[in-house]
Amino acid sequence: QGVLHLLIGYDHILFLLALLLPVVARLLTLDASLRDTLGIVTLFTVAHSCTLALSALQVVQLPTALVEVLIALSVSGAGVVALVPAWHRYRYGLAFGFGLVHGFGFANVLAELAASWSDRIVSLAAFNLGVEAGQALLISLSLPVIYLGRGWLCKARWSVPGSAGGIVLCGLVWAW
């Protein structure tokens with residue numbers, strides 16, 4: 001369910017791609033690109049794992065409608081950061097902060113899967129591993145393509161801003 005949720009979750013996919021766009025724009029070496037991506041994804045993962053656990057175990061609860069709007073706005077926020085090169089340095093903190101919000105969204109899906117407390121613990125672990133597997137799959141498929149096409153993408157001056165602008169627009173439409 002975690003893999004499925006991630007792969008059909010356009011908001012999550014666009015969010016991750018928005019965080020990776022500055023990797024393209026900065027023309028880093030492959031090694032530096034991988035380290036940068038790993039740092040971003042790790043912070044996002046740690047954050048959403050914390051709030052996923054807290055929410056799924058009913059320690060902290062937020063209204064579903066609020067969480068969904070905040071997730072949509074986080075997609076737009078990540079797109080804005082990708083649009084403004086001076087803000088690229090904030091991607092790590094934002095990945096962590098937005099990860100906290102996304103964890104509550106994952107918990108809403110998880111709540112539908114398991115009713116009992118013991119089932120929730122098992123479902124929590126399995127769902128979170130599934131999300132991470134889906135995220136790893138998405139990144140392992142997209143990062144090499146982005147990396148190989150980065151020269152063309154950066155020469156086409158509209159590609160990174162156009163992609164980031166499209167992500168901002170999608171997030172705002174979802175929030176609306």
# chains A, B, ... in the order shown; residues from 1 in each chain; ligands from 1
>>> closest_atom_pairs(of="region 59-163 of chain A", to="region 30-34 of chain A", cutoff="9 Å", atoms="only C-alpha atoms", output="JSON lines")
{"residue": "A:Leu143", "atom": "CA", "partner": "A:Leu34", "partner_atom": "CA", "distance": 8.4}
{"residue": "A:Pro144", "atom": "CA", "partner": "A:Leu30", "partner_atom": "CA", "distance": 8.9}
{"residue": "A:Tyr147", "atom": "CA", "partner": "A:Leu30", "partner_atom": "CA", "distance": 7.4}
>>> residues_around(residues="region 45-47 of chain A", least_positions_apart="3", cutoff="8 Å", atoms="only C-alpha atoms", output="tab-separated table (two decimals) with all heavy atoms, in the first residue's frame")
chain	number	residue	atom	x	y	z
A	41	VAL	N	16.32	13.61	0.67
A	41	VAL	CA	15.37	12.50	0.86
A	41	VAL	C	15.45	11.96	2.29
A	41	VAL	O	14.42	11.63	2.89
A	41	VAL	CB	15.62	11.40	-0.19
A	41	VAL	CG1	14.82	10.16	0.10
A	41	VAL	CG2	15.32	11.94	-1.58
A	42	THR	N	16.64	11.91	2.85
A	42	THR	CA	16.79	11.42	4.22
A	42	THR	C	16.06	12.33	5.21
A	42	THR	O	15.33	11.85	6.08
A	42	THR	CB	18.28	11.30	4.60
A	42	THR	OG1	18.90	10.37	3.72
A	42	THR	CG2	18.45	10.85	6.04
A	50	CYS	N	8.36	10.34	11.50
A	50	CYS	CA	8.00	10.77	12.86
A	50	CYS	C	6.52	11.11	12.96
A	50	CYS	O	5.82	10.60	13.84
A	50	CYS	CB	8.83	11.98	13.28
A	50	CYS	SG	10.57	11.62	13.56
A	51	THR	N	6.05	11.97	12.06
A	51	THR	CA	4.63	12.36	12.16
A	51	THR	C	3.70	11.23	11.72
A	51	THR	O	2.59	11.13	12.24
A	51	THR	CB	4.34	13.64	11.34
A	51	THR	OG1	4.80	13.47	10.01
A	51	THR	CG2	4.98	14.84	11.99
A	96	PHE	N	12.64	18.79	5.47
A	96	PHE	CA	12.30	18.27	6.80
A	96	PHE	C	10.93	18.80	7.25
A	96	PHE	O	10.06	18.03	7.66
A	96	PHE	CB	13.37	18.64	7.83
A	96	PHE	CG	13.12	18.03	9.17
A	96	PHE	CD1	13.52	16.72	9.42
A	96	PHE	CD2	12.50	18.73	10.18
A	96	PHE	CE1	13.28	16.14	10.66
A	96	PHE	CE2	12.26	18.17	11.42
A	96	PHE	CZ	12.65	16.85	11.65
A	97	GLY	N	10.74	20.10	7.15
A	97	GLY	CA	9.47	20.70	7.58
A	97	GLY	C	8.28	20.18	6.79
A	97	GLY	O	7.24	19.84	7.36
A	98	PHE	N	8.44	20.11	5.47
A	98	PHE	CA	7.36	19.61	4.64
A	98	PHE	C	7.15	18.11	4.87
A	98	PHE	O	6.04	17.60	4.76
A	98	PHE	CB	7.62	19.89	3.17
A	98	PHE	CG	7.56	21.35	2.80
A	98	PHE	CD1	8.19	21.81	1.66
A	98	PHE	CD2	6.87	22.27	3.58
A	98	PHE	CE1	8.15	23.15	1.30
A	98	PHE	CE2	6.81	23.61	3.22
A	98	PHE	CZ	7.45	24.05	2.08
A	99	GLY	N	8.22	17.41	5.21
A	99	GLY	CA	8.10	15.98	5.53
A	99	GLY	C	7.20	15.77	6.74
A	99	GLY	O	6.43	14.80	6.79
A	100	LEU	N	7.29	16.67	7.71
A	100	LEU	CA	6.41	16.57	8.89
A	100	LEU	C	4.95	16.64	8.46
A	100	LEU	O	4.11	15.86	8.93
A	100	LEU	CB	6.73	17.69	9.89
A	100	LEU	CG	8.08	17.64	10.57
A	100	LEU	CD1	8.32	18.90	11.39
A	100	LEU	CD2	8.22	16.39	11.44
A	103	GLY	N	3.80	13.44	6.53
A	103	GLY	CA	3.59	12.29	7.41
A	103	GLY	C	2.17	12.20	7.91
A	103	GLY	O	1.60	11.11	8.03
A	132	GLU	N	8.97	4.23	1.38
A	132	GLU	CA	10.40	4.42	1.13
A	132	GLU	C	10.84	3.66	-0.12
A	132	GLU	O	11.64	4.17	-0.90
A	132	GLU	CB	11.23	3.98	2.33
A	132	GLU	CG	10.95	4.76	3.60
A	132	GLU	CD	10.75	6.24	3.39
A	132	GLU	OE1	11.55	6.87	2.66
A	132	GLU	OE2	9.79	6.78	3.94
>>> atom_distance(atom1="CA of Val168 (chain A)", atom2="CA of Gly79 (chain A)")
5.0 Å
>>> residues_around(residues="Val3 (chain A)", least_positions_apart="2", cutoff="12 Å", atoms="only C-alpha atoms", output="ChimeraX atom specification")
/A:1,5-9,12-13,106,126-138
>>> select_by_dssp(residues="chain A", states="alpha helix (DSSP H)", output="VMD selection string")
chain A and resid 2 to 8 10 to 25 30 to 56 64 to 83 91 to 111 117 to 148 150 to 155 159 to 175
>>> residues_around(residues="Leu52 (chain A)", least_positions_apart="3", cutoff="12 Å", atoms="only C-alpha atoms", output="PDB file with N, CA, C and O atoms, in the first residue's frame")
ATOM      1  N   GLY A   2       1.994   1.222   0.699  1.00  0.00           N
ATOM      2  CA  GLY A   2       2.874   2.380   0.733  1.00  0.00           C
ATOM      3  C   GLY A   2       3.451   2.702  -0.633  1.00  0.00           C
ATOM      4  O   GLY A   2       3.503   3.865  -1.048  1.00  0.00           O
ATOM      5  N   PHE A  44      13.574  14.390   4.572  1.00  0.00           N
ATOM      6  CA  PHE A  44      12.139  14.246   4.329  1.00  0.00           C
ATOM      7  C   PHE A  44      11.622  12.954   4.961  1.00  0.00           C
ATOM      8  O   PHE A  44      10.581  12.941   5.613  1.00  0.00           O
ATOM      9  N   THR A  45      12.377  11.868   4.792  1.00  0.00           N
ATOM     10  CA  THR A  45      11.975  10.560   5.311  1.00  0.00           C
ATOM     11  C   THR A  45      11.916  10.548   6.831  1.00  0.00           C
ATOM     12  O   THR A  45      10.950  10.053   7.420  1.00  0.00           O
ATOM     13  N   VAL A  46      12.937  11.076   7.473  1.00  0.00           N
ATOM     14  CA  VAL A  46      12.955  11.116   8.942  1.00  0.00           C
ATOM     15  C   VAL A  46      11.748  11.893   9.450  1.00  0.00           C
ATOM     16  O   VAL A  46      11.051  11.458  10.367  1.00  0.00           O
ATOM     17  N   ALA A  47      11.493  13.039   8.837  1.00  0.00           N
ATOM     18  CA  ALA A  47      10.381  13.879   9.280  1.00  0.00           C
ATOM     19  C   ALA A  47       9.035  13.199   9.081  1.00  0.00           C
ATOM     20  O   ALA A  47       8.218  13.141  10.006  1.00  0.00           O
ATOM     21  N   HIS A  48       8.789  12.667   7.887  1.00  0.00           N
ATOM     22  CA  HIS A  48       7.462  12.081   7.673  1.00  0.00           C
ATOM     23  C   HIS A  48       7.293  10.784   8.447  1.00  0.00           C
ATOM     24  O   HIS A  48       6.181  10.443   8.850  1.00  0.00           O
ATOM     25  N   SER A  49       8.380  10.081   8.736  1.00  0.00           N
ATOM     26  CA  SER A  49       8.282   8.870   9.557  1.00  0.00           C
ATOM     27  C   SER A  49       7.857   9.219  10.986  1.00  0.00           C
ATOM     28  O   SER A  49       7.067   8.492  11.598  1.00  0.00           O
ATOM     29  N   SER A  55       0.907  10.179  14.372  1.00  0.00           N
ATOM     30  CA  SER A  55      -0.486  10.276  13.963  1.00  0.00           C
ATOM     31  C   SER A  55      -1.153   8.908  13.865  1.00  0.00           C
ATOM     32  O   SER A  55      -2.280   8.736  14.317  1.00  0.00           O
ATOM     33  N   ALA A  56      -0.464   7.942  13.284  1.00  0.00           N
ATOM     34  CA  ALA A  56      -1.048   6.602  13.135  1.00  0.00           C
ATOM     35  C   ALA A  56      -1.316   5.955  14.490  1.00  0.00           C
ATOM     36  O   ALA A  56      -2.273   5.197  14.642  1.00  0.00           O
ATOM     37  N   LEU A  57      -0.489   6.270  15.472  1.00  0.00           N
ATOM     38  CA  LEU A  57      -0.686   5.728  16.817  1.00  0.00           C
ATOM     39  C   LEU A  57      -1.558   6.650  17.675  1.00  0.00           C
ATOM     40  O   LEU A  57      -1.684   6.453  18.868  1.00  0.00           O
ATOM     41  N   GLN A  58      -2.138   7.646  17.063  1.00  0.00           N
ATOM     42  CA  GLN A  58      -3.085   8.582  17.660  1.00  0.00           C
ATOM     43  C   GLN A  58      -2.503   9.382  18.827  1.00  0.00           C
ATOM     44  O   GLN A  58      -3.209   9.726  19.764  1.00  0.00           O
ATOM     45  N   VAL A  59      -1.211   9.685  18.754  1.00  0.00           N
ATOM     46  CA  VAL A  59      -0.585  10.551  19.741  1.00  0.00           C
ATOM     47  C   VAL A  59      -0.878  12.008  19.379  1.00  0.00           C
ATOM     48  O   VAL A  59      -1.178  12.829  20.242  1.00  0.00           O
ATOM     49  N   VAL A  60      -0.795  12.319  18.082  1.00  0.00           N
ATOM     50  CA  VAL A  60      -1.085  13.654  17.569  1.00  0.00           C
ATOM     51  C   VAL A  60      -2.051  13.489  16.399  1.00  0.00           C
ATOM     52  O   VAL A  60      -1.815  12.665  15.524  1.00  0.00           O
ATOM     53  N   GLN A  61      -3.097  14.283  16.401  1.00  0.00           N
ATOM     54  CA  GLN A  61      -4.079  14.223  15.318  1.00  0.00           C
ATOM     55  C   GLN A  61      -4.310  15.623  14.764  1.00  0.00           C
ATOM     56  O   GLN A  61      -4.399  16.589  15.526  1.00  0.00           O
ATOM     57  N   LEU A  62      -4.385  15.737  13.453  1.00  0.00           N
ATOM     58  CA  LEU A  62      -4.727  16.990  12.787  1.00  0.00           C
ATOM     59  C   LEU A  62      -5.919  16.734  11.871  1.00  0.00           C
ATOM     60  O   LEU A  62      -6.066  15.624  11.334  1.00  0.00           O
ATOM     61  N   GLY A  99       8.221  17.406   5.206  1.00  0.00           N
ATOM     62  CA  GLY A  99       8.099  15.984   5.528  1.00  0.00           C
ATOM     63  C   GLY A  99       7.201  15.765   6.738  1.00  0.00           C
ATOM     64  O   GLY A  99       6.430  14.798   6.790  1.00  0.00           O
ATOM     65  N   LEU A 100       7.291  16.667   7.713  1.00  0.00           N
ATOM     66  CA  LEU A 100       6.413  16.572   8.888  1.00  0.00           C
ATOM     67  C   LEU A 100       4.950  16.636   8.463  1.00  0.00           C
ATOM     68  O   LEU A 100       4.114  15.858   8.932  1.00  0.00           O
ATOM     69  N   VAL A 101       4.644  17.537   7.545  1.00  0.00           N
ATOM     70  CA  VAL A 101       3.267  17.684   7.063  1.00  0.00           C
ATOM     71  C   VAL A 101       2.835  16.445   6.277  1.00  0.00           C
ATOM     72  O   VAL A 101       1.742  15.912   6.478  1.00  0.00           O
ATOM     73  N   HIS A 102       3.700  15.967   5.389  1.00  0.00           N
ATOM     74  CA  HIS A 102       3.349  14.810   4.556  1.00  0.00           C
ATOM     75  C   HIS A 102       3.109  13.563   5.399  1.00  0.00           C
ATOM     76  O   HIS A 102       2.304  12.714   5.033  1.00  0.00           O
ATOM     77  N   GLY A 103       3.799  13.437   6.526  1.00  0.00           N
ATOM     78  CA  GLY A 103       3.591  12.286   7.409  1.00  0.00           C
ATOM     79  C   GLY A 103       2.166  12.201   7.911  1.00  0.00           C
ATOM     80  O   GLY A 103       1.600  11.113   8.025  1.00  0.00           O
ATOM     81  N   PHE A 104       1.551  13.343   8.194  1.00  0.00           N
ATOM     82  CA  PHE A 104       0.155  13.340   8.630  1.00  0.00           C
ATOM     83  C   PHE A 104      -0.757  12.863   7.505  1.00  0.00           C
ATOM     84  O   PHE A 104      -1.756  12.191   7.743  1.00  0.00           O
ATOM     85  N   GLY A 105      -0.413  13.206   6.272  1.00  0.00           N
ATOM     86  CA  GLY A 105      -1.192  12.734   5.129  1.00  0.00           C
ATOM     87  C   GLY A 105      -1.081  11.232   4.944  1.00  0.00           C
ATOM     88  O   GLY A 105      -2.068  10.548   4.665  1.00  0.00           O
ATOM     89  N   PHE A 106       0.125  10.702   5.126  1.00  0.00           N
ATOM     90  CA  PHE A 106       0.298   9.250   5.044  1.00  0.00           C
ATOM     91  C   PHE A 106      -0.503   8.554   6.136  1.00  0.00           C
ATOM     92  O   PHE A 106      -1.059   7.480   5.930  1.00  0.00           O
ATOM     93  N   ALA A 107      -0.557   9.164   7.309  1.00  0.00           N
ATOM     94  CA  ALA A 107      -1.279   8.560   8.435  1.00  0.00           C
ATOM     95  C   ALA A 107      -2.766   8.448   8.139  1.00  0.00           C
ATOM     96  O   ALA A 107      -3.414   7.481   8.559  1.00  0.00           O
ATOM     97  N   ASN A 108      -3.324   9.413   7.407  1.00  0.00           N
ATOM     98  CA  ASN A 108      -4.739   9.338   7.054  1.00  0.00           C
ATOM     99  C   ASN A 108      -5.013   8.119   6.182  1.00  0.00           C
ATOM    100  O   ASN A 108      -6.037   7.459   6.325  1.00  0.00           O
ATOM    101  N   VAL A 109      -4.104   7.819   5.275  1.00  0.00           N
ATOM    102  CA  VAL A 109      -4.252   6.629   4.432  1.00  0.00           C
ATOM    103  C   VAL A 109      -4.081   5.373   5.283  1.00  0.00           C
ATOM    104  O   VAL A 109      -4.847   4.423   5.169  1.00  0.00           O
ATOM    105  N   LEU A 110      -3.091   5.397   6.146  1.00  0.00           N
ATOM    106  CA  LEU A 110      -2.800   4.243   6.989  1.00  0.00           C
ATOM    107  C   LEU A 110      -3.957   3.921   7.933  1.00  0.00           C
ATOM    108  O   LEU A 110      -4.233   2.747   8.198  1.00  0.00           O
ATOM    109  N   ALA A 111      -4.653   4.933   8.426  1.00  0.00           N
ATOM    110  CA  ALA A 111      -5.764   4.723   9.353  1.00  0.00           C
ATOM    111  C   ALA A 111      -6.858   3.870   8.719  1.00  0.00           C
ATOM    112  O   ALA A 111      -7.563   3.135   9.419  1.00  0.00           O
ATOM    113  N   ARG A 120      -2.033  -1.754  13.716  1.00  0.00           N
ATOM    114  CA  ARG A 120      -1.502  -0.450  13.304  1.00  0.00           C
ATOM    115  C   ARG A 120       0.011  -0.425  13.346  1.00  0.00           C
ATOM    116  O   ARG A 120       0.642   0.184  12.483  1.00  0.00           O
ATOM    117  N   ILE A 121       0.600  -1.063  14.353  1.00  0.00           N
ATOM    118  CA  ILE A 121       2.066  -1.086  14.465  1.00  0.00           C
ATOM    119  C   ILE A 121       2.657  -1.804  13.246  1.00  0.00           C
ATOM    120  O   ILE A 121       3.590  -1.309  12.608  1.00  0.00           O
ATOM    121  N   SER A 123       1.137  -2.429  10.353  1.00  0.00           N
ATOM    122  CA  SER A 123       0.797  -1.670   9.149  1.00  0.00           C
ATOM    123  C   SER A 123       1.667  -0.435   9.015  1.00  0.00           C
ATOM    124  O   SER A 123       2.064  -0.069   7.906  1.00  0.00           O
ATOM    125  N   LEU A 124       1.957   0.216  10.143  1.00  0.00           N
ATOM    126  CA  LEU A 124       2.812   1.406  10.136  1.00  0.00           C
ATOM    127  C   LEU A 124       4.189   1.077   9.566  1.00  0.00           C
ATOM    128  O   LEU A 124       4.685   1.757   8.674  1.00  0.00           O
ATOM    129  N   ALA A 125       4.778   0.008  10.070  1.00  0.00           N
ATOM    130  CA  ALA A 125       6.114  -0.384   9.591  1.00  0.00           C
ATOM    131  C   ALA A 125       6.071  -0.772   8.114  1.00  0.00           C
ATOM    132  O   ALA A 125       6.909  -0.322   7.319  1.00  0.00           O
ATOM    133  N   PHE A 127       3.783  -0.004   5.793  1.00  0.00           N
ATOM    134  CA  PHE A 127       3.413   1.130   4.944  1.00  0.00           C
ATOM    135  C   PHE A 127       4.608   2.066   4.767  1.00  0.00           C
ATOM    136  O   PHE A 127       4.899   2.499   3.652  1.00  0.00           O
ATOM    137  N   ASN A 128       5.290   2.359   5.855  1.00  0.00           N
ATOM    138  CA  ASN A 128       6.438   3.266   5.781  1.00  0.00           C
ATOM    139  C   ASN A 128       7.539   2.665   4.902  1.00  0.00           C
ATOM    140  O   ASN A 128       8.136   3.375   4.088  1.00  0.00           O
ATOM    141  N   LEU A 129       7.803   1.376   5.042  1.00  0.00           N
ATOM    142  CA  LEU A 129       8.798   0.727   4.179  1.00  0.00           C
ATOM    143  C   LEU A 129       8.359   0.774   2.717  1.00  0.00           C
ATOM    144  O   LEU A 129       9.179   0.969   1.820  1.00  0.00           O
ATOM    145  N   VAL A 131       6.422   3.106   1.335  1.00  0.00           N
ATOM    146  CA  VAL A 131       6.611   4.485   0.871  1.00  0.00           C
ATOM    147  C   VAL A 131       8.075   4.710   0.520  1.00  0.00           C
ATOM    148  O   VAL A 131       8.400   5.289  -0.519  1.00  0.00           O
TER     149      VAL A 131
END
>>> closest_residue(among="A:Leu70, A:Ala78, A:Leu43, A:Leu38", to="Leu16 (chain A)", atoms="only C-alpha atoms")
A:Ala78
>>> atom_distance(atom1="CA of Gly39 (chain A)", atom2="CA of Leu21 (chain A)")
14.3 Å
>>> residues_around(residues="Val173 (chain A)", least_positions_apart="5", cutoff="12 Å", atoms="only C-alpha atoms", output="PDB file with C-alpha atoms, in the first residue's frame")
ATOM      1  CA  ASP A  11       1.440  15.511  -5.060  1.00  0.00           C
ATOM      2  CA  VAL A  69      -4.295  21.797   2.075  1.00  0.00           C
ATOM      3  CA  ILE A  71       0.441  19.187   1.636  1.00  0.00           C
ATOM      4  CA  ALA A  72      -0.753  20.989  -1.510  1.00  0.00           C
ATOM      5  CA  LEU A  73       0.850  24.217  -0.304  1.00  0.00           C
ATOM      6  CA  VAL A  75       4.172  21.221  -3.187  1.00  0.00           C
ATOM      7  CA  SER A  76       3.836  24.856  -4.251  1.00  0.00           C
ATOM      8  CA  GLY A 166       4.025  24.184 -13.270  1.00  0.00           C
ATOM      9  CA  ILE A 167       4.586  22.494  -9.908  1.00  0.00           C
ATOM     10  CA  VAL A 168       3.673  25.711  -8.062  1.00  0.00           C
TER      11      VAL A 168
END
>>> decode(residues="region 118-139 of chain A", atoms="N, CA and C atoms", output="PDB file, in the first residue's frame")
ATOM      1  N   SER A 118      -2.448  -3.284  17.605  1.00  0.00           N
ATOM      2  CA  SER A 118      -1.332  -4.132  17.162  1.00  0.00           C
ATOM      3  C   SER A 118      -1.234  -4.180  15.640  1.00  0.00           C
ATOM      4  N   ASP A 119      -2.380  -4.173  14.962  1.00  0.00           N
ATOM      5  CA  ASP A 119      -2.373  -4.143  13.501  1.00  0.00           C
ATOM      6  C   ASP A 119      -1.798  -2.823  12.985  1.00  0.00           C
ATOM      7  N   ARG A 120      -2.033  -1.754  13.716  1.00  0.00           N
ATOM      8  CA  ARG A 120      -1.502  -0.450  13.304  1.00  0.00           C
ATOM      9  C   ARG A 120       0.011  -0.425  13.346  1.00  0.00           C
ATOM     10  N   ILE A 121       0.600  -1.063  14.353  1.00  0.00           N
ATOM     11  CA  ILE A 121       2.066  -1.086  14.465  1.00  0.00           C
ATOM     12  C   ILE A 121       2.657  -1.804  13.246  1.00  0.00           C
ATOM     13  N   VAL A 122       2.115  -2.967  12.930  1.00  0.00           N
ATOM     14  CA  VAL A 122       2.603  -3.743  11.782  1.00  0.00           C
ATOM     15  C   VAL A 122       2.338  -2.973  10.484  1.00  0.00           C
ATOM     16  N   SER A 123       1.137  -2.429  10.353  1.00  0.00           N
ATOM     17  CA  SER A 123       0.797  -1.670   9.149  1.00  0.00           C
ATOM     18  C   SER A 123       1.667  -0.435   9.015  1.00  0.00           C
ATOM     19  N   LEU A 124       1.957   0.216  10.143  1.00  0.00           N
ATOM     20  CA  LEU A 124       2.812   1.406  10.136  1.00  0.00           C
ATOM     21  C   LEU A 124       4.189   1.077   9.566  1.00  0.00           C
ATOM     22  N   ALA A 125       4.778   0.008  10.070  1.00  0.00           N
ATOM     23  CA  ALA A 125       6.114  -0.384   9.591  1.00  0.00           C
ATOM     24  C   ALA A 125       6.071  -0.772   8.114  1.00  0.00           C
ATOM     25  N   ALA A 126       5.094  -1.583   7.735  1.00  0.00           N
ATOM     26  CA  ALA A 126       5.005  -2.039   6.345  1.00  0.00           C
ATOM     27  C   ALA A 126       4.700  -0.880   5.401  1.00  0.00           C
ATOM     28  N   PHE A 127       3.783  -0.004   5.793  1.00  0.00           N
ATOM     29  CA  PHE A 127       3.413   1.130   4.944  1.00  0.00           C
ATOM     30  C   PHE A 127       4.608   2.066   4.767  1.00  0.00           C
ATOM     31  N   ASN A 128       5.290   2.359   5.855  1.00  0.00           N
ATOM     32  CA  ASN A 128       6.438   3.266   5.781  1.00  0.00           C
ATOM     33  C   ASN A 128       7.539   2.665   4.902  1.00  0.00           C
ATOM     34  N   LEU A 129       7.803   1.376   5.042  1.00  0.00           N
ATOM     35  CA  LEU A 129       8.798   0.727   4.179  1.00  0.00           C
ATOM     36  C   LEU A 129       8.359   0.774   2.717  1.00  0.00           C
ATOM     37  N   GLY A 130       7.062   0.616   2.495  1.00  0.00           N
ATOM     38  CA  GLY A 130       6.537   0.693   1.130  1.00  0.00           C
ATOM     39  C   GLY A 130       6.702   2.081   0.536  1.00  0.00           C
ATOM     40  N   VAL A 131       6.422   3.106   1.335  1.00  0.00           N
ATOM     41  CA  VAL A 131       6.611   4.485   0.871  1.00  0.00           C
ATOM     42  C   VAL A 131       8.075   4.710   0.520  1.00  0.00           C
ATOM     43  N   GLU A 132       8.968   4.231   1.377  1.00  0.00           N
ATOM     44  CA  GLU A 132      10.403   4.423   1.126  1.00  0.00           C
ATOM     45  C   GLU A 132      10.839   3.660  -0.116  1.00  0.00           C
ATOM     46  N   ALA A 133      10.314   2.458  -0.315  1.00  0.00           N
ATOM     47  CA  ALA A 133      10.662   1.689  -1.513  1.00  0.00           C
ATOM     48  C   ALA A 133      10.169   2.410  -2.769  1.00  0.00           C
ATOM     49  N   GLY A 134       8.950   2.926  -2.722  1.00  0.00           N
ATOM     50  CA  GLY A 134       8.413   3.669  -3.861  1.00  0.00           C
ATOM     51  C   GLY A 134       9.202   4.941  -4.130  1.00  0.00           C
ATOM     52  N   GLN A 135       9.582   5.624  -3.058  1.00  0.00           N
ATOM     53  CA  GLN A 135      10.372   6.848  -3.187  1.00  0.00           C
ATOM     54  C   GLN A 135      11.747   6.536  -3.794  1.00  0.00           C
ATOM     55  N   ALA A 136      12.367   5.460  -3.323  1.00  0.00           N
ATOM     56  CA  ALA A 136      13.673   5.050  -3.861  1.00  0.00           C
ATOM     57  C   ALA A 136      13.544   4.684  -5.341  1.00  0.00           C
ATOM     58  N   LEU A 137      12.469   3.991  -5.697  1.00  0.00           N
ATOM     59  CA  LEU A 137      12.227   3.628  -7.093  1.00  0.00           C
ATOM     60  C   LEU A 137      12.061   4.882  -7.952  1.00  0.00           C
ATOM     61  N   LEU A 138      11.238   5.808  -7.485  1.00  0.00           N
ATOM     62  CA  LEU A 138      11.008   7.043  -8.224  1.00  0.00           C
ATOM     63  C   LEU A 138      12.303   7.820  -8.430  1.00  0.00           C
ATOM     64  N   ILE A 139      13.076   7.957  -7.387  1.00  0.00           N
ATOM     65  CA  ILE A 139      14.325   8.719  -7.482  1.00  0.00           C
ATOM     66  C   ILE A 139      15.352   7.986  -8.333  1.00  0.00           C
TER      67      ILE A 139
END
